[in-house]
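Content type PDB, C-alpha atoms and all ligand atoms, from the file target.pdb:
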```
ATOM      1  CA  MET A   3       9.997 -20.830  42.931
ATOM      2  CA  ARG A   4      12.829 -20.871  40.440
ATOM      3  CA  LYS A   5      11.056 -23.297  38.160
ATOM      4  CA  ARG A   6       7.968 -21.140  38.158
ATOM      5  CA  ALA A   7       9.946 -18.108  37.096
ATOM      6  CA  VAL A   8      11.473 -20.036  34.202
ATOM      7  CA  VAL A   9       8.044 -21.262  33.073
ATOM      8  CA  LEU A  10       6.707 -17.742  33.338
ATOM      9  CA  ALA A  11       9.583 -16.330  31.289
ATOM     10  CA  GLY A  12       8.972 -19.020  28.684
ATOM     11  CA  CYS A  13       5.303 -18.068  28.477
ATOM     12  CA  VAL A  14       6.093 -14.393  28.027
ATOM     13  CA  ALA A  15       8.585 -15.162  25.261
ATOM     14  CA  GLY A  16       6.036 -17.497  23.640
ATOM     15  CA  ALA A  17       3.347 -14.846  23.754
ATOM     16  CA  ALA A  18       5.675 -12.278  22.214
ATOM     17  CA  LEU A  19       6.520 -14.734  19.439
ATOM     18  CA  LEU A  20       2.839 -15.419  18.789
ATOM     19  CA  ALA A  21       2.091 -11.687  18.713
ATOM     20  CA  GLY A  22       4.922 -11.223  16.208
ATOM     21  CA  GLN A  23       3.557 -13.966  13.976
ATOM     22  CA  ALA A  24       0.052 -12.496  14.185
ATOM     23  CA  LEU A  25       1.434  -9.118  13.109
ATOM     24  CA  VAL A  26       3.143 -10.577  10.043
ATOM     25  CA  ALA A  27      -0.007 -12.538   9.152
ATOM     26  CA  GLN A  28      -2.047  -9.370   9.490
ATOM     27  CA  LYS A  29       0.210  -7.514   7.043
ATOM     28  CA  THR A  30       0.297 -10.290   4.456
ATOM     29  CA  LYS A  31      -3.448 -10.955   4.492
ATOM     30  CA  GLY A  32      -6.518  -9.440   6.117
ATOM     31  CA  LYS A  33      -8.776 -11.285   8.544
ATOM     32  CA  THR A  34     -11.565 -12.555   6.299
ATOM     33  CA  ARG A  35     -11.048 -11.476   2.705
ATOM     34  CA  LEU A  36      -9.195 -13.733   0.304
ATOM     35  CA  ALA A  37      -6.718 -11.462  -1.480
ATOM     36  CA  ALA A  38      -3.223 -11.564  -0.020
ATOM     37  CA  THR A  39      -1.344  -8.239   0.250
ATOM     38  CA  LYS A  40       1.169  -9.672  -2.213
ATOM     39  CA  GLN A  41      -1.564 -10.300  -4.782
ATOM     40  CA  ILE A  42      -3.004  -6.802  -4.380
ATOM     41  CA  MET A  43       0.503  -5.381  -4.814
ATOM     42  CA  ALA A  44       1.467  -7.489  -7.831
ATOM     43  CA  GLY A  45      -1.950  -7.441  -9.522
ATOM     44  CA  ILE A  46      -3.302  -3.945  -8.896
ATOM     45  CA  MET A  47      -0.671  -1.715  -7.339
ATOM     46  CA  GLN A  48       2.436  -2.446  -9.425
ATOM     47  CA  PRO A  49       0.892  -2.505 -12.944
ATOM     48  CA  ASN A  50      -1.146   0.676 -12.410
ATOM     49  CA  CYS A  51       1.702   2.500 -10.701
ATOM     50  CA  SER A  52       4.365   1.695 -13.294
ATOM     51  CA  ALA A  53       2.012   2.507 -16.195
ATOM     52  CA  LEU A  54       1.178   5.852 -14.594
ATOM     53  CA  VAL A  55       4.839   6.691 -13.973
ATOM     54  CA  ALA A  56       5.680   5.799 -17.595
ATOM     55  CA  ALA A  57       2.795   7.910 -18.935
ATOM     56  CA  PHE A  58       4.219  11.110 -17.401
ATOM     57  CA  LYS A  59       7.968  10.588 -17.340
ATOM     58  CA  GLY A  60       9.090  13.299 -19.785
ATOM     59  CA  THR A  61       5.907  12.809 -21.767
ATOM     60  CA  SER A  62       2.124  12.978 -21.435
ATOM     61  CA  PRO A  63      -0.911  11.097 -22.772
ATOM     62  CA  ALA A  64      -1.356  11.619 -26.519
ATOM     63  CA  ASP A  65      -5.158  11.631 -26.640
ATOM     64  CA  ASP A  66      -8.349  11.523 -24.569
ATOM     65  CA  LYS A  67      -8.149   7.783 -24.280
ATOM     66  CA  GLY A  68      -4.671   8.095 -22.773
ATOM     67  CA  TRP A  69      -5.879  10.638 -20.198
ATOM     68  CA  GLN A  70      -8.830   8.382 -19.350
ATOM     69  CA  THR A  71      -6.486   5.462 -18.810
ATOM     70  CA  ALA A  72      -4.328   7.613 -16.513
ATOM     71  CA  ALA A  73      -7.443   8.637 -14.546
ATOM     72  CA  GLN A  74      -8.413   4.985 -14.163
ATOM     73  CA  GLN A  75      -4.933   4.070 -12.935
ATOM     74  CA  ALA A  76      -4.922   6.896 -10.367
ATOM     75  CA  ALA A  77      -8.437   5.944  -9.199
ATOM     76  CA  LEU A  78      -7.462   2.288  -8.722
ATOM     77  CA  LEU A  79      -4.363   3.243  -6.757
ATOM     78  CA  ASN A  80      -6.560   5.485  -4.602
ATOM     79  CA  GLU A  81      -8.864   2.530  -3.985
ATOM     80  CA  VAL A  82      -5.921   0.421  -2.830
ATOM     81  CA  GLY A  83      -5.213   3.141  -0.260
ATOM     82  CA  TYR A  84      -8.553   2.185   1.324
ATOM     83  CA  LEU A  85      -8.117  -1.572   0.809
ATOM     84  CA  LEU A  86      -4.862  -1.527   2.771
ATOM     85  CA  MET A  87      -6.738  -0.164   5.795
ATOM     86  CA  ASP A  88      -9.573  -2.710   5.610
ATOM     87  CA  ASP A  89     -10.076  -6.120   7.142
ATOM     88  CA  GLY A  90      -7.661  -5.658  10.051
ATOM     89  CA  ARG A  91      -4.641  -5.456   7.756
ATOM     90  CA  CYS A  92      -3.094  -2.267   9.147
ATOM     91  CA  PRO A  93      -0.532  -3.025  11.895
ATOM     92  CA  ASP A  94       0.610   0.476  12.927
ATOM     93  CA  ALA A  95       0.825   4.225  12.337
ATOM     94  CA  VAL A  96       3.560   3.957   9.680
ATOM     95  CA  TRP A  97       1.293   1.738   7.575
ATOM     96  CA  ALA A  98      -1.708   4.016   8.150
ATOM     97  CA  GLY A  99       0.346   7.105   7.256
ATOM     98  CA  ALA A 100       1.628   5.524   4.046
ATOM     99  CA  ALA A 101      -1.893   4.472   3.054
ATOM    100  CA  LYS A 102      -3.034   8.058   3.653
ATOM    101  CA  THR A 103      -0.174   9.445   1.523
ATOM    102  CA  LEU A 104      -1.160   6.966  -1.192
ATOM    103  CA  ARG A 105      -4.788   8.165  -1.070
ATOM    104  CA  GLU A 106      -3.866  11.867  -1.031
ATOM    105  CA  GLY A 107      -1.154  11.526  -3.693
ATOM    106  CA  SER A 108      -3.379   9.529  -6.045
ATOM    107  CA  ALA A 109      -6.245  11.994  -5.489
ATOM    108  CA  ALA A 110      -3.893  14.821  -6.525
ATOM    109  CA  VAL A 111      -2.876  12.785  -9.603
ATOM    110  CA  LEU A 112      -6.533  12.301 -10.489
ATOM    111  CA  ASP A 113      -7.195  16.022 -10.075
ATOM    112  CA  ALA A 114      -4.235  16.949 -12.299
ATOM    113  CA  VAL A 115      -5.256  14.384 -14.909
ATOM    114  CA  GLY A 116      -8.766  15.865 -14.919
ATOM    115  CA  LYS A 117      -7.178  19.226 -15.789
ATOM    116  CA  LYS A 118      -4.796  17.605 -18.293
ATOM    117  CA  ASP A 119      -1.937  19.152 -16.326
ATOM    118  CA  ALA A 120       0.968  16.796 -16.982
ATOM    119  CA  ALA A 121       3.487  18.684 -14.800
ATOM    120  CA  ALA A 122       1.160  18.633 -11.779
ATOM    121  CA  ALA A 123       0.410  14.949 -12.418
ATOM    122  CA  ASN A 124       4.113  14.167 -12.449
ATOM    123  CA  THR A 125       4.665  15.986  -9.131
ATOM    124  CA  ALA A 126       1.706  14.205  -7.531
ATOM    125  CA  ILE A 127       2.985  10.845  -8.783
ATOM    126  CA  GLY A 128       6.194  11.570  -6.854
ATOM    127  CA  THR A 129       4.192  12.150  -3.664
ATOM    128  CA  MET A 130       2.174   9.024  -4.295
ATOM    129  CA  THR A 131       5.193   6.782  -4.834
ATOM    130  CA  SER A 132       6.847   8.081  -1.640
ATOM    131  CA  ALA A 133       4.116   6.050   0.096
ATOM    132  CA  CYS A 134       5.355   2.808  -1.525
ATOM    133  CA  LYS A 135       8.826   3.454  -0.179
ATOM    134  CA  SER A 136       7.859   4.383   3.378
ATOM    135  CA  CYS A 137       5.577   1.397   3.862
ATOM    136  CA  HIS A 138       7.996  -1.052   2.236
ATOM    137  CA  THR A 139      10.943   0.174   4.312
ATOM    138  CA  ALA A 140       9.012  -0.551   7.502
ATOM    139  CA  HIS A 141       6.921  -3.563   6.527
ATOM    140  CA  LYS A 142       7.842  -5.389   3.326
ATOM    141  CA  GLY A 143       9.541  -8.691   4.038
ATOM    142  CA  LYS A 144       9.347  -8.049   7.794
TER     143      LYS A 144
HETATM  144  C1  LIG B 201       0.716   0.525   3.550
HETATM  145  C2  LIG B 201       1.741  -0.359   3.108
HETATM  146  C3  LIG B 201       2.127  -0.463   1.661
HETATM  147  C4  LIG B 201       2.070   0.509   0.686
HETATM  148  C5  LIG B 201       1.586   1.944   0.793
HETATM  149  C6  LIG B 201       2.592  -0.087  -0.522
HETATM  150  N1  LIG B 201       2.941  -1.382  -0.287
HETATM  151 FE1  LIG B 201       3.677  -2.684  -1.671
HETATM  152  N2  LIG B 201       3.856  -4.114  -0.231
HETATM  153  C7  LIG B 201       3.468  -3.985   1.097
HETATM  154  C8  LIG B 201       3.749  -5.216   1.810
HETATM  155  C9  LIG B 201       3.475  -5.497   3.279
HETATM  156  C10 LIG B 201       4.328  -6.091   0.878
HETATM  157  C11 LIG B 201       4.822  -7.530   1.137
HETATM  158  C12 LIG B 201       3.670  -8.490   1.041
HETATM  159  C13 LIG B 201       4.078  -9.935   1.290
HETATM  160  O1  LIG B 201       5.189 -10.307   0.861
HETATM  161  O2  LIG B 201       3.282 -10.662   1.856
HETATM  162  C14 LIG B 201       4.389  -5.369  -0.403
HETATM  163  C15 LIG B 201       4.876  -5.911  -1.573
HETATM  164  C16 LIG B 201       4.903  -5.256  -2.796
HETATM  165  C17 LIG B 201       5.375  -5.851  -4.026
HETATM  166  C18 LIG B 201       5.909  -7.277  -4.196
HETATM  167  C19 LIG B 201       4.757  -8.191  -4.584
HETATM  168  C20 LIG B 201       5.208  -9.639  -4.787
HETATM  169  O3  LIG B 201       4.782 -10.248  -5.773
HETATM  170  O4  LIG B 201       5.966 -10.137  -3.950
HETATM  171  C21 LIG B 201       5.248  -4.893  -5.017
HETATM  172  C22 LIG B 201       5.601  -5.031  -6.479
HETATM  173  C23 LIG B 201       4.698  -3.706  -4.385
HETATM  174  N3  LIG B 201       4.500  -3.971  -3.035
HETATM  175  C24 LIG B 201       4.437  -2.513  -5.045
HETATM  176  C25 LIG B 201       3.965  -1.351  -4.417
HETATM  177  C26 LIG B 201       3.825  -0.071  -5.071
HETATM  178  C27 LIG B 201       4.171   0.209  -6.525
HETATM  179  C28 LIG B 201       3.348   0.787  -4.138
HETATM  180  C29 LIG B 201       2.994   2.248  -4.266
HETATM  181  C30 LIG B 201       2.215   2.699  -5.384
HETATM  182  C31 LIG B 201       3.205   0.037  -2.900
HETATM  183  N4  LIG B 201       3.597  -1.246  -3.108
HETATM  184  C32 LIG B 201       2.732   0.593  -1.722
HETATM  185  C33 LIG B 201       2.913  -2.871   1.670
HETATM  186  C34 LIG B 201       2.685  -1.658   1.031
END
```

How does the structure come out when it is put into structure tokens?
Amino acid sequence: MRKRAVVLAGCVAGAALLAGQALVAQKTKGKTRLAATKQIMAGIMQPNCSALVAAFKGTSPADDKGWQTAAQQAALLNEVGYLLMDDGRCPDAVWAGAAKTLREGSAAVLDAVGKKDAAAANTAIGTMTSACKSCHTAHKGK
């Protein structure tokens, strides 16, 4: 009787551990696609986000080409907002909410860029980057 209880407790702890590992795996890579979350972050998210922030921090694009580049950066960040929800990667509501904020914030950036409204773009960039923070606080390195 006692032995059985110990074995049972061991199994429950083991299952919880396995579930925890599965959750981390899910966040760091989807189920079938090849790109790791880290690679999406370092290769798409970070370069486009920092270039966009720099383009509107106390300044604005100098010419049409600059505005087009900003539109491309906002569009790619919006796309990542969908990617993060695909392939079984999303573990919980915090993640889903941050991905939604990323999509909505980047859509507002794209809208402002279309109107060449630098002040509105800057505000929307702030909304967009709040998504980075909320997801990272809950999930990065955890
Ligand atoms: C929905 C969740 C989520 C959102 C939103 C998010 N990230 Fe991440 N990010 C992660 C996770 C999870 C990791 C850790 C991945 C790992 O180490 O496997 C990460 C890691 C990173 C890294 C480190 C990459 C490396 O080489 O180790 C950078 C840089 C980064 N994110 C930038 C950003 C920026 C910029 C934004 C916002 C524009 C953002 N992230 C939004 C989940 C998110």

Could you tell me, as a compact mmCIF listing (two decimals) with C-alpha atoms, in the frame of the given file, exactly which residues end up selected when the PyMOL selection byres (((not hetatm)) within 8 of (chain B and resi 201)) is applied to this structure?
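Wrote it out as part_28.txt, contents follow:
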```
# COMPACT_ATOMS: atom_id res chain seq x y z
CA LYS A 29 0.21 -7.51 7.04
CA THR A 30 0.30 -10.29 4.46
CA LYS A 31 -3.45 -10.96 4.49
CA ALA A 38 -3.22 -11.56 -0.02
CA THR A 39 -1.34 -8.24 0.25
CA LYS A 40 1.17 -9.67 -2.21
CA GLN A 41 -1.56 -10.30 -4.78
CA ILE A 42 -3.00 -6.80 -4.38
CA MET A 43 0.50 -5.38 -4.81
CA ALA A 44 1.47 -7.49 -7.83
CA MET A 47 -0.67 -1.72 -7.34
CA GLN A 48 2.44 -2.45 -9.43
CA PRO A 49 0.89 -2.50 -12.94
CA ASN A 50 -1.15 0.68 -12.41
CA CYS A 51 1.70 2.50 -10.70
CA SER A 52 4.36 1.70 -13.29
CA LEU A 79 -4.36 3.24 -6.76
CA GLY A 83 -5.21 3.14 -0.26
CA LEU A 86 -4.86 -1.53 2.77
CA MET A 87 -6.74 -0.16 5.80
CA CYS A 92 -3.09 -2.27 9.15
CA VAL A 96 3.56 3.96 9.68
CA TRP A 97 1.29 1.74 7.58
CA ALA A 98 -1.71 4.02 8.15
CA GLY A 99 0.35 7.10 7.26
CA ALA A 100 1.63 5.52 4.05
CA ALA A 101 -1.89 4.47 3.05
CA THR A 103 -0.17 9.44 1.52
CA LEU A 104 -1.16 6.97 -1.19
CA MET A 130 2.17 9.02 -4.30
CA THR A 131 5.19 6.78 -4.83
CA SER A 132 6.85 8.08 -1.64
CA ALA A 133 4.12 6.05 0.10
CA CYS A 134 5.36 2.81 -1.52
CA LYS A 135 8.83 3.45 -0.18
CA SER A 136 7.86 4.38 3.38
CA CYS A 137 5.58 1.40 3.86
CA HIS A 138 8.00 -1.05 2.24
CA HIS A 141 6.92 -3.56 6.53
CA LYS A 142 7.84 -5.39 3.33
CA GLY A 143 9.54 -8.69 4.04
CA LYS A 144 9.35 -8.05 7.79
```

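Straight-line separation from CA of Ala123 in chain A to CA of Ile46 in chain A: 19.6 Å.
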
Test item: residues at most 12 Å from Ala56 in chain A, only C-alpha atoms, excluding those fewer than 6 positions along its chain, as a VMD selection string: chain A and resid 49 to 50 62 to 63 68 72 75 120 123 to 124 127

Restricting the output to C-alpha atoms, write the selected residues as a PDB file, keeping the file's coordinate frame.
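In the end it all went to out20.pdb:
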```pdb
ATOM      1  CA  PRO A  49       0.892  -2.505 -12.944  1.00  0.00           C
ATOM      2  CA  ASN A  50      -1.146   0.676 -12.410  1.00  0.00           C
ATOM      3  CA  SER A  62       2.124  12.978 -21.435  1.00  0.00           C
ATOM      4  CA  PRO A  63      -0.911  11.097 -22.772  1.00  0.00           C
ATOM      5  CA  GLY A  68      -4.671   8.095 -22.773  1.00  0.00           C
ATOM      6  CA  ALA A  72      -4.328   7.613 -16.513  1.00  0.00           C
ATOM      7  CA  GLN A  75      -4.933   4.070 -12.935  1.00  0.00           C
ATOM      8  CA  ALA A 120       0.968  16.796 -16.982  1.00  0.00           C
ATOM      9  CA  ALA A 123       0.410  14.949 -12.418  1.00  0.00           C
ATOM     10  CA  ASN A 124       4.113  14.167 -12.449  1.00  0.00           C
ATOM     11  CA  ILE A 127       2.985  10.845  -8.783  1.00  0.00           C
TER      12      ILE A 127
END
```

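You can rank A:Gly45, A:Asp66, A:Ala27, A:Thr34 by their closest distance to Lys118 in chain A using all atoms listed in the file, and at the top of that list sits A:Asp66.
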
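Minimum distance to Lys33 in chain A across A:Lys59, A:Arg91, A:Lys67, A:Lys102 (counting all atoms listed in the file) occurs at A:Arg91.
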
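When CA of Asp89 in chain A is paired with CA of Arg105 in chain A, their separation reads 17.3 Å.
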
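Going from CA of Val55 in chain A over to CA of Leu85 in chain A, you cover 21.3 Å.
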
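Shortest separation to Ala121 in chain A among A:Thr139, A:Gln74, A:Thr61, A:Ser108 occurs at residue A:Thr61, atoms counted being only C-alpha atoms.
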
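Considering only C-alpha atoms, the residue among A:Ala57, A:Gly90, A:Arg35, A:Leu25 positioned nearest to Gln70 in chain A is A:Ala57.
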